[in-house]
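Novice: What follows is data.txt, made up of compact mmCIF, C-alpha atoms:
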# COMPACT_ATOMS: atom_id res chain seq x y z
CA MET A 1 15.71 10.42 12.57
CA THR A 2 12.39 12.24 12.47
CA THR A 3 11.43 15.25 10.43
CA THR A 4 8.00 16.74 9.94
CA ARG A 5 5.78 16.02 6.95
CA VAL A 6 2.56 17.96 7.36
CA LYS A 7 0.44 15.17 5.88
CA PRO A 8 2.66 12.08 6.00
CA TRP A 9 0.18 9.93 4.09
CA ARG A 10 0.55 12.01 0.91
CA GLY A 11 2.93 11.38 -1.98
CA VAL A 12 4.30 8.04 -3.17
CA MET A 13 4.06 5.72 -0.19
CA VAL A 14 5.37 2.31 -1.19
CA ALA A 15 3.55 -0.73 0.15
CA THR A 16 6.78 -2.54 0.77
CA ALA A 17 7.47 -6.14 -0.08
CA LEU A 18 9.35 -7.90 2.70
CA PRO A 19 12.64 -9.58 1.75
CA LEU A 20 12.76 -13.18 2.93
CA ARG A 21 15.70 -15.54 2.99
CA GLU A 22 15.49 -18.97 1.39
CA ASP A 23 14.52 -20.44 4.76
CA LEU A 24 11.64 -17.88 4.81
CA SER A 25 13.07 -15.92 7.74
CA VAL A 26 12.83 -12.13 7.48
CA ASP A 27 15.96 -10.34 6.30
CA PHE A 28 15.59 -7.18 8.37
CA ASP A 29 18.90 -5.72 7.18
CA ALA A 30 17.78 -6.06 3.57
CA TYR A 31 14.44 -4.49 4.47
CA ALA A 32 16.12 -1.47 6.06
CA GLU A 33 18.30 -1.05 2.99
CA HIS A 34 15.24 -1.36 0.75
CA CYS A 35 13.43 1.42 2.63
CA ARG A 36 16.45 3.71 2.30
CA TRP A 37 16.77 2.89 -1.41
CA LEU A 38 13.13 3.72 -2.08
CA VAL A 39 13.43 7.14 -0.45
CA ALA A 40 16.69 7.77 -2.31
CA GLY A 41 14.80 6.92 -5.50
CA GLY A 42 12.31 9.70 -4.85
CA CYS A 43 9.54 7.90 -2.95
CA ASP A 44 8.06 9.74 0.01
CA GLY A 45 7.82 6.82 2.39
CA VAL A 46 6.77 3.24 2.99
CA VAL A 47 3.73 1.28 4.12
CA PRO A 48 4.98 -1.84 5.93
CA ASN A 49 2.77 -4.71 7.05
CA GLY A 50 0.29 -4.53 4.22
CA SER A 51 -0.67 -7.57 2.17
CA LEU A 52 2.37 -6.94 -0.01
CA GLY A 53 4.43 -7.22 3.17
CA GLU A 54 2.80 -10.59 3.94
CA TYR A 55 1.70 -9.36 7.36
CA GLN A 56 -0.76 -12.24 7.78
CA THR A 57 2.14 -14.69 7.93
CA LEU A 58 4.27 -12.76 10.44
CA THR A 59 4.57 -13.42 14.15
CA PRO A 60 3.66 -10.47 16.39
CA GLU A 61 7.36 -10.02 17.13
CA GLU A 62 8.25 -9.93 13.44
CA ARG A 63 5.42 -7.56 12.65
CA ALA A 64 6.54 -5.09 15.32
CA LYS A 65 10.18 -5.34 14.25
CA VAL A 66 9.26 -4.58 10.62
CA VAL A 67 7.82 -1.25 11.74
CA GLU A 68 10.75 -0.49 14.02
CA THR A 69 13.21 -1.35 11.24
CA ALA A 70 11.53 1.00 8.77
CA VAL A 71 11.40 3.86 11.30
CA ALA A 72 15.07 3.43 12.16
CA ALA A 73 15.95 3.44 8.46
CA ILE A 74 14.01 6.46 7.18
CA GLY A 75 12.21 8.18 10.07
CA GLY A 76 8.75 7.79 11.55
CA ASP A 77 7.14 10.50 9.44
CA ARG A 78 7.86 8.39 6.35
CA VAL A 79 6.39 5.15 7.74
CA MET A 80 2.64 4.43 7.63
CA PRO A 81 2.13 0.85 8.82
CA GLY A 82 -0.80 -1.33 7.92
CA ILE A 83 -2.62 -2.25 11.13
CA ALA A 84 -5.24 -4.64 9.78
CA ALA A 85 -6.53 -7.22 12.22
CA TYR A 86 -9.48 -9.50 12.93
CA GLY A 87 -10.92 -7.10 15.48
CA ALA A 88 -10.76 -3.48 16.56
CA GLY A 89 -8.92 -4.23 19.79
CA GLU A 90 -6.01 -5.85 18.00
CA ALA A 91 -5.95 -3.16 15.32
CA ARG A 92 -5.87 -0.47 18.03
CA ARG A 93 -2.91 -2.20 19.68
CA TRP A 94 -1.05 -2.15 16.36
CA ALA A 95 -1.90 1.54 15.98
CA GLU A 96 -0.47 2.17 19.43
CA GLN A 97 2.66 0.19 18.57
CA ALA A 98 3.12 2.27 15.43
CA ARG A 99 2.53 5.51 17.34
CA ASP A 100 5.03 4.56 20.03
CA ALA A 101 7.59 3.64 17.36
CA GLY A 102 7.32 7.18 16.00
CA CYS A 103 4.92 6.75 13.06
CA GLN A 104 2.59 9.63 12.30
CA ALA A 105 -0.12 7.78 10.36
CA VAL A 106 -1.48 4.24 9.99
CA MET A 107 -3.56 2.42 7.38
CA LEU A 108 -6.61 0.39 8.41
CA LEU A 109 -8.89 -2.05 6.63
CA PRO A 110 -12.39 -2.76 7.93
CA PRO A 111 -12.61 -5.99 9.98
CA ASN A 112 -10.85 -8.41 7.63
CA ALA A 113 -12.48 -11.71 8.56
CA TYR A 114 -16.06 -10.64 9.17
CA ARG A 115 -18.60 -9.22 6.74
CA ALA A 116 -19.33 -6.12 8.78
CA ASP A 117 -22.26 -3.78 8.31
CA GLU A 118 -22.01 0.01 8.52
CA ARG A 119 -22.61 0.14 12.27
CA ILE A 120 -19.77 -2.29 12.91
CA VAL A 121 -17.41 -0.55 10.49
CA VAL A 122 -17.93 2.81 12.18
CA GLU A 123 -17.31 1.33 15.62
CA HIS A 124 -14.18 -0.42 14.29
CA TYR A 125 -12.68 2.87 13.13
CA ARG A 126 -13.91 4.68 16.24
CA GLU A 127 -12.05 2.25 18.50
CA VAL A 128 -8.81 2.46 16.55
CA ALA A 129 -8.97 6.26 16.42
CA LYS A 130 -8.58 6.22 20.22
CA ALA A 131 -4.89 5.47 19.67
CA GLY A 132 -4.51 9.11 18.65
CA VAL A 133 -2.70 8.59 15.35
CA PRO A 134 -4.18 9.70 11.98
CA VAL A 135 -5.93 6.80 10.24
CA VAL A 136 -6.01 6.20 6.49
CA ALA A 137 -8.90 3.92 5.57
CA TYR A 138 -8.20 1.14 3.10
CA ASN A 139 -11.10 0.14 0.88
CA ASN A 140 -10.58 -3.30 -0.63
CA PRO A 141 -13.99 -4.97 -0.87
CA LEU A 142 -12.58 -7.63 -3.18
CA ASP A 143 -10.70 -9.11 -0.23
CA THR A 144 -12.64 -7.96 2.83
CA LYS A 145 -16.18 -8.24 1.39
CA VAL A 146 -16.86 -4.90 3.10
CA ASP A 147 -17.27 -1.86 0.85
CA LEU A 148 -16.32 1.55 2.22
CA THR A 149 -18.72 3.41 -0.06
CA PRO A 150 -18.30 7.13 -0.66
CA ALA A 151 -21.20 7.81 1.73
CA LEU A 152 -19.66 5.65 4.45
CA LEU A 153 -16.25 7.27 3.96
CA ALA A 154 -17.90 10.68 4.29
CA ARG A 155 -19.44 9.59 7.58
CA LEU A 156 -16.14 8.29 8.94
CA HIS A 157 -14.41 11.51 7.92
CA ALA A 158 -17.18 13.72 9.36
CA GLU A 159 -16.70 11.98 12.72
CA GLY A 160 -12.97 12.68 12.58
CA LEU A 161 -12.07 8.99 12.37
CA ILE A 162 -10.11 9.02 9.08
CA VAL A 163 -7.96 11.51 7.20
CA ALA A 164 -7.70 9.74 3.85
CA VAL A 165 -8.68 6.62 1.94
CA LYS A 166 -6.66 4.18 -0.10
CA GLU A 167 -9.13 3.36 -2.89
CA PHE A 168 -8.58 -0.11 -4.33
CA THR A 169 -11.84 -0.85 -6.12
CA GLY A 170 -10.48 0.29 -9.49
CA ASP A 171 -13.70 2.26 -10.03
CA VAL A 172 -12.40 5.71 -10.89
CA ARG A 173 -15.94 7.13 -10.81
CA ARG A 174 -15.81 6.96 -7.03
CA ALA A 175 -13.19 9.71 -6.91
CA TYR A 176 -15.72 12.31 -7.94
CA GLU A 177 -18.41 11.14 -5.54
CA ILE A 178 -15.94 11.07 -2.65
CA ALA A 179 -14.89 14.63 -3.52
CA GLU A 180 -18.52 15.73 -3.51
CA LEU A 181 -19.47 14.06 -0.24
CA ALA A 182 -16.21 14.59 1.67
CA PRO A 183 -14.20 17.33 -0.08
CA ASP A 184 -11.52 17.44 2.62
CA LEU A 185 -10.90 13.68 2.63
CA ASP A 186 -7.61 12.87 0.89
CA LEU A 187 -7.90 10.33 -1.91
CA LEU A 188 -4.96 7.96 -2.32
CA VAL A 189 -4.51 5.73 -5.35
CA GLY A 190 -4.75 2.12 -4.21
CA SER A 191 -4.46 0.18 -7.49
CA ASP A 192 -1.33 0.79 -9.54
CA ASP A 193 -3.17 0.28 -12.81
CA VAL A 194 -5.54 3.24 -12.33
CA LEU A 195 -2.87 5.69 -11.18
CA LEU A 196 -3.26 8.12 -14.05
CA GLU A 197 -7.05 8.15 -13.95
CA LEU A 198 -7.24 8.77 -10.20
CA ALA A 199 -4.44 11.34 -10.28
CA LEU A 200 -6.37 13.33 -12.85
CA ALA A 201 -9.47 12.95 -10.67
CA GLY A 202 -7.77 14.59 -7.71
CA ALA A 203 -5.75 11.98 -5.81
CA VAL A 204 -3.00 13.40 -3.60
CA GLY A 205 -1.11 10.20 -2.88
CA TRP A 206 -0.35 6.71 -4.10
CA VAL A 207 -0.02 3.62 -1.90
CA ALA A 208 2.05 1.89 -4.50
CA GLY A 209 3.27 -1.59 -5.32
CA TYR A 210 5.54 -1.48 -8.34
CA PRO A 211 7.94 1.20 -7.08
CA ASN A 212 9.40 -1.71 -5.10
CA ALA A 213 11.11 -2.62 -8.37
CA LEU A 214 11.08 0.62 -10.40
CA PRO A 215 10.91 3.60 -8.04
CA GLU A 216 12.40 6.37 -10.18
CA SER A 217 10.15 5.81 -13.20
CA SER A 218 7.12 5.33 -10.95
CA VAL A 219 7.78 8.63 -9.15
CA ALA A 220 8.26 10.40 -12.48
CA LEU A 221 4.90 9.02 -13.64
CA TYR A 222 3.17 10.07 -10.42
CA LYS A 223 4.51 13.61 -10.55
CA ALA A 224 3.58 14.05 -14.21
CA ALA A 225 0.11 12.64 -13.58
CA LEU A 226 -0.56 14.96 -10.64
CA ALA A 227 0.64 17.91 -12.69
CA GLY A 228 -1.67 16.97 -15.55
CA ASP A 229 1.38 16.65 -17.81
CA LEU A 230 -0.01 14.03 -20.18
CA THR A 231 2.84 14.49 -22.65
CA THR A 232 5.15 13.00 -20.04
CA ALA A 233 2.70 10.78 -18.19
CA LEU A 234 1.02 8.86 -21.02
CA PRO A 235 4.14 7.28 -22.57
CA LEU A 236 5.39 6.31 -19.11
CA TYR A 237 2.01 4.91 -18.14
CA ARG A 238 1.79 2.82 -21.30
CA ALA A 239 5.32 1.51 -20.77
CA LEU A 240 4.68 0.59 -17.14
CA HIS A 241 1.11 -0.64 -17.41
CA PRO A 242 1.94 -4.27 -18.34
CA LEU A 243 3.55 -4.41 -14.88
CA LEU A 244 1.22 -2.10 -12.97
CA ARG A 245 -1.79 -4.30 -13.70
CA TRP A 246 -0.22 -7.17 -11.74
CA ASP A 247 -0.82 -5.12 -8.58
CA SER A 248 -4.53 -5.96 -8.89
CA LYS A 249 -4.06 -9.70 -9.39
CA THR A 250 -4.15 -12.39 -6.71
CA VAL A 251 -0.47 -13.19 -7.27
CA PHE A 252 0.66 -9.56 -6.95
CA VAL A 253 3.15 -10.30 -4.18
CA GLN A 254 4.91 -12.99 -6.18
CA ALA A 255 4.87 -10.85 -9.33
CA ILE A 256 6.34 -7.77 -7.66
CA LYS A 257 9.00 -9.82 -5.87
CA LEU A 258 10.02 -11.40 -9.17
CA SER A 259 10.31 -7.96 -10.77
CA MET A 260 12.42 -6.84 -7.82
CA ASP A 261 14.76 -9.79 -8.30
CA LEU A 262 15.10 -9.02 -12.01
CA ALA A 263 15.79 -5.36 -11.25
CA GLY A 264 18.63 -6.31 -8.93
CA ARG A 265 16.71 -5.92 -5.68
CA LYS A 266 16.10 -8.56 -3.02
CA GLY A 267 12.55 -9.81 -3.43
CA GLY A 268 13.02 -13.45 -2.64
CA PRO A 269 10.41 -16.11 -1.93
CA CYS A 270 7.01 -15.77 -0.24
CA ARG A 271 5.67 -17.54 2.80
CA PRO A 272 2.79 -19.99 2.42
CA PRO A 273 -0.01 -19.98 1.53
CA ARG A 274 1.56 -18.10 -1.41
CA LEU A 275 3.39 -20.39 -3.83
CA PRO A 276 5.74 -19.40 -6.66
CA LEU A 277 4.17 -18.18 -9.88
CA VAL A 278 3.17 -20.86 -12.35
CA ALA A 279 5.30 -20.98 -15.49
CA GLU A 280 2.91 -18.93 -17.65
CA GLU A 281 2.61 -16.16 -15.07
CA GLU A 282 6.34 -16.08 -14.46
CA ALA A 283 7.02 -15.78 -18.18
CA LEU A 284 4.63 -12.83 -18.51
CA VAL A 285 6.07 -10.95 -15.53
CA ARG A 286 9.62 -11.70 -16.60
CA ALA A 287 9.05 -10.51 -20.16
CA ALA A 288 7.31 -7.30 -19.06
CA THR A 289 10.00 -6.53 -16.48
CA GLU A 290 12.89 -7.20 -18.85
CA LYS A 291 11.24 -5.03 -21.51
CA ALA A 292 10.81 -2.17 -19.04
CA LEU A 293 14.42 -2.44 -17.88
CA ALA A 294 15.66 -2.59 -21.50
CA GLU A 295 13.72 0.62 -22.20
CA GLY A 296 15.58 2.36 -19.39
CA LEU A 297 12.87 2.33 -16.76
CA ARG A 298 14.28 2.26 -13.26
Represent the supplied structure as structure tokens.
Specialist:
Amino acid sequence: MTTTRVKPWRGVMVATALPLREDLSVDFDAYAEHCRWLVAGGCDGVVPNGSLGEYQTLTPEERAKVVETAVAAIGGDRVMPGIAAYGAGEARRWAEQARDAGCQAVMLLPPNAYRADERIVVEHYREVAKAGVPVVAYNNPLDTKVDLTPALLARLHAEGLIVAVKEFTGDVRRAYEIAELAPDLDLLVGSDDVLLELALAGAVGWVAGYPNALPESSVALYKAALAGDLTTALPLYRALHPLLRWDSKTVFVQAIKLSMDLAGRKGGPCRPPRLPLVAEEEALVRAATEKALAEGLR
């Protein structure tokens, strides 16, 4: 089931949470159903094997099957896997696996266990680009300790190594500098809680967390924000923001999975090292989710 999306990294691409059973095995049937439900709710596609998908805790066999499950469910043009790895060789192999499964774009962090300098970062992306599938860079210096600055992104784009960037710093000022230095590089919102600001600054996509629980309202917010329709966007943004800000917290996986459970989806537990939310965190997420659901957000 493959159609053609001209730029398959654009739109609302949900960084999917991975449903786990109580014994912490992957529920692939539930994952396939979740991917179909997200697209039916208006989302453009999914990003499996990101941090929200707990890729670090998966076996290679599980990680490959997650991609294959998503492609079988909604088509390769709607699946943009995360291919983060310790080194470029492994990341390239995951890019090739995604390509062979039918995916038409992948998302790549810098080396995620090594504080790389610019020379190393460029070579990392150069090696992965050899797989022949469009690469979306993922800038998350909070976790990787490597900052893909606007100047570095412009260099990677000028060399034809990346087509877009998922910007997770939360610094909305970067949007304007990226547009100046690399006007043809697509900017994707990386942090849910700066969606409106980055949409107004020119973002053309959203690698999103909270649509896992509330896809229809999230898509409505995204479309209004991109259209500059603040009359529609601002009330939605204010209503959703108590949840959206959890996407930038360390416990974002647990928070989003709890919201999914409350919304009638299958979130389930997390694999270690993630533990359940402490009581105070759980109460905050629960109250914000129940309030959003009571207000008709879906």
Novice: Between A:Met80, A:Val71, A:Val12, A:Leu243, which is the closest to A:Cys35 once you count only C-alpha atoms?
Specialist: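 The answer is A:Val71, which sits nearest to A:Cys35.
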Novice: Taking 5 positions as the minimum chain separation for residues in the same chain, which residues sit within 12 Å of A:Gly75 when counting only C-alpha atoms? Answer as a short mmCIF file (atom, residue, chain, number, x, y, z; two decimals) with C-alpha atoms, in the coordinates of the input.
Specialist:
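The result, stored in around12.cif:
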data_model
loop_
_atom_site.label_atom_id
_atom_site.label_comp_id
_atom_site.auth_asym_id
_atom_site.auth_seq_id
_atom_site.Cartn_x
_atom_site.Cartn_y
_atom_site.Cartn_z
CA MET A 1 15.71 10.42 12.57
CA THR A 2 12.39 12.24 12.47
CA THR A 3 11.43 15.25 10.43
CA THR A 4 8.00 16.74 9.94
CA ARG A 5 5.78 16.02 6.95
CA PRO A 8 2.66 12.08 6.00
CA ALA A 32 16.12 -1.47 6.06
CA CYS A 35 13.43 1.42 2.63
CA ARG A 36 16.45 3.71 2.30
CA VAL A 39 13.43 7.14 -0.45
CA ASP A 44 8.06 9.74 0.01
CA GLY A 45 7.82 6.82 2.39
CA VAL A 46 6.77 3.24 2.99
CA VAL A 67 7.82 -1.25 11.74
CA GLU A 68 10.75 -0.49 14.02
CA THR A 69 13.21 -1.35 11.24
CA ALA A 70 11.53 1.00 8.77
CA MET A 80 2.64 4.43 7.63
CA ALA A 101 7.59 3.64 17.36
CA GLY A 102 7.32 7.18 16.00
CA CYS A 103 4.92 6.75 13.06
CA GLN A 104 2.59 9.63 12.30
#
Novice: Determine the nearest neighbour of A:Tyr176 from the options A:Leu200, A:Leu156, A:Val122, A:Ala72, counting only C-alpha atoms.
Specialist: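 Nearest to A:Tyr176: A:Leu200.
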Novice: Counting only C-alpha atoms, which residues sit no farther than 12 Å from the position (-4.3, 2.2, 3.5) in the file's frame? I'd like them as JSON, numbers by chain.
Specialist: {"A": [9, 10, 13, 14, 15, 46, 47, 48, 49, 50, 51, 52, 79, 80, 81, 82, 83, 84, 105, 106, 107, 108, 109, 110, 134, 135, 136, 137, 138, 139, 140, 162, 163, 164, 165, 166, 167, 168, 186, 187, 188, 189, 190, 191, 205, 206, 207, 208]}
Novice: Restricting the output to C-alpha atoms, write the selected residues as a CSV table (one decimal), in the frame of the given file.
Specialist:
chain,number,residue,atom,x,y,z
A,9,TRP,CA,0.2,9.9,4.1
A,10,ARG,CA,0.6,12.0,0.9
A,13,MET,CA,4.1,5.7,-0.2
A,14,VAL,CA,5.4,2.3,-1.2
A,15,ALA,CA,3.6,-0.7,0.2
A,46,VAL,CA,6.8,3.2,3.0
A,47,VAL,CA,3.7,1.3,4.1
A,48,PRO,CA,5.0,-1.8,5.9
A,49,ASN,CA,2.8,-4.7,7.0
A,50,GLY,CA,0.3,-4.5,4.2
A,51,SER,CA,-0.7,-7.6,2.2
A,52,LEU,CA,2.4,-6.9,0.0
A,79,VAL,CA,6.4,5.2,7.7
A,80,MET,CA,2.6,4.4,7.6
A,81,PRO,CA,2.1,0.8,8.8
A,82,GLY,CA,-0.8,-1.3,7.9
A,83,ILE,CA,-2.6,-2.2,11.1
A,84,ALA,CA,-5.2,-4.6,9.8
A,105,ALA,CA,-0.1,7.8,10.4
A,106,VAL,CA,-1.5,4.2,10.0
A,107,MET,CA,-3.6,2.4,7.4
A,108,LEU,CA,-6.6,0.4,8.4
A,109,LEU,CA,-8.9,-2.0,6.6
A,110,PRO,CA,-12.4,-2.8,7.9
A,134,PRO,CA,-4.2,9.7,12.0
A,135,VAL,CA,-5.9,6.8,10.2
A,136,VAL,CA,-6.0,6.2,6.5
A,137,ALA,CA,-8.9,3.9,5.6
A,138,TYR,CA,-8.2,1.1,3.1
A,139,ASN,CA,-11.1,0.1,0.9
A,140,ASN,CA,-10.6,-3.3,-0.6
A,162,ILE,CA,-10.1,9.0,9.1
A,163,VAL,CA,-8.0,11.5,7.2
A,164,ALA,CA,-7.7,9.7,3.8
A,165,VAL,CA,-8.7,6.6,1.9
A,166,LYS,CA,-6.7,4.2,-0.1
A,167,GLU,CA,-9.1,3.4,-2.9
A,168,PHE,CA,-8.6,-0.1,-4.3
A,186,ASP,CA,-7.6,12.9,0.9
A,187,LEU,CA,-7.9,10.3,-1.9
A,188,LEU,CA,-5.0,8.0,-2.3
A,189,VAL,CA,-4.5,5.7,-5.4
A,190,GLY,CA,-4.8,2.1,-4.2
A,191,SER,CA,-4.5,0.2,-7.5
A,205,GLY,CA,-1.1,10.2,-2.9
A,206,TRP,CA,-0.4,6.7,-4.1
A,207,VAL,CA,0.0,3.6,-1.9
A,208,ALA,CA,2.0,1.9,-4.5
Novice: Measuring between all atoms listed in the file, which one of A:Ala131, A:Lys223, A:Leu198, A:Ala17 shows the shortest distance to A:Tyr55?
Specialist: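 Answer, going by the shortest atom-to-atom distance: A:Ala17.
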Novice: So how many Å separate atom CA of A:Glu216 and atom CA of A:Leu240, to one decimal?
Specialist: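 The value is 11.9 Å.
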Novice: How many Å lie between atom CA of A:Ala292 and atom CA of A:Pro242, rounded to one decimal?
Specialist: 9.1 Å
Novice: What lies within 12 Å of A:Lys249 using all atoms listed in the file, ignoring chain neighbours under 5 positions off, as an MDAnalysis selection string?
Specialist: chainID A and resid 52 142:143 168 170 191:193 209 243:244 254:256 277 281 285
Novice: Considering all atoms listed in the file, can you say which of A:Arg245, A:Arg298, A:Lys65, A:Arg78 comes closest to A:Ala213?
Specialist: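 Looking at the shortest contact to A:Ala213, the residue is A:Arg298.
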Novice: So, with all atoms listed in the file as the atoms that count, which of A:Arg173, A:Leu161, A:Tyr86, A:Pro276 lies closest to A:Gln56?
Specialist: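 Between A:Arg173, A:Leu161, A:Tyr86, A:Pro276, the residue approaching A:Gln56 most closely is A:Tyr86.
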Novice: I need the residue nearest A:Ala179 from this list: A:Arg286, A:His157, A:Arg93, A:Arg271. Use all atoms listed in the file for the distance.
Specialist: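 Between A:Arg286, A:His157, A:Arg93, A:Arg271, the residue approaching A:Ala179 most closely is A:His157.
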Novice: Quick one: distance from atom CA of A:Leu297 to atom CA of A:Ser217 in Å, one decimal?
Specialist: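 Between atom CA of A:Leu297 and atom CA of A:Ser217 the gap works out to 5.7 Å.
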Novice: Env of A:Pro19: 8 Å cut, atoms = all atoms listed in the file, seq-sep filter 5 positions within chain, self excluded. Answer as a VMD selection string.
Specialist: chain A and resid 26 to 28 30 to 31 266 to 269
Novice: If I wrap all listed atoms of stretch 272-285 of chain A in a box with edges along x, y and z and add 4 Å on each side, what are its centre and edge lengths in Å to one decimal, as lines of an AutoDock Vina configuration file?
Specialist:
center_x = 3.5
center_y = -16.0
center_z = -8.0
size_x = 15.0
size_y = 18.0
size_z = 28.9
Novice: Mind checking which residues fall within 8 Å of A:Glu96, counting only C-alpha atoms, ignoring those fewer than 4 positions away in the same chain, and posting them as a list of chain:residue names?
Specialist: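 The residues satisfying every condition are A:Arg92, A:Asp100, A:Ala131, A:Val133.
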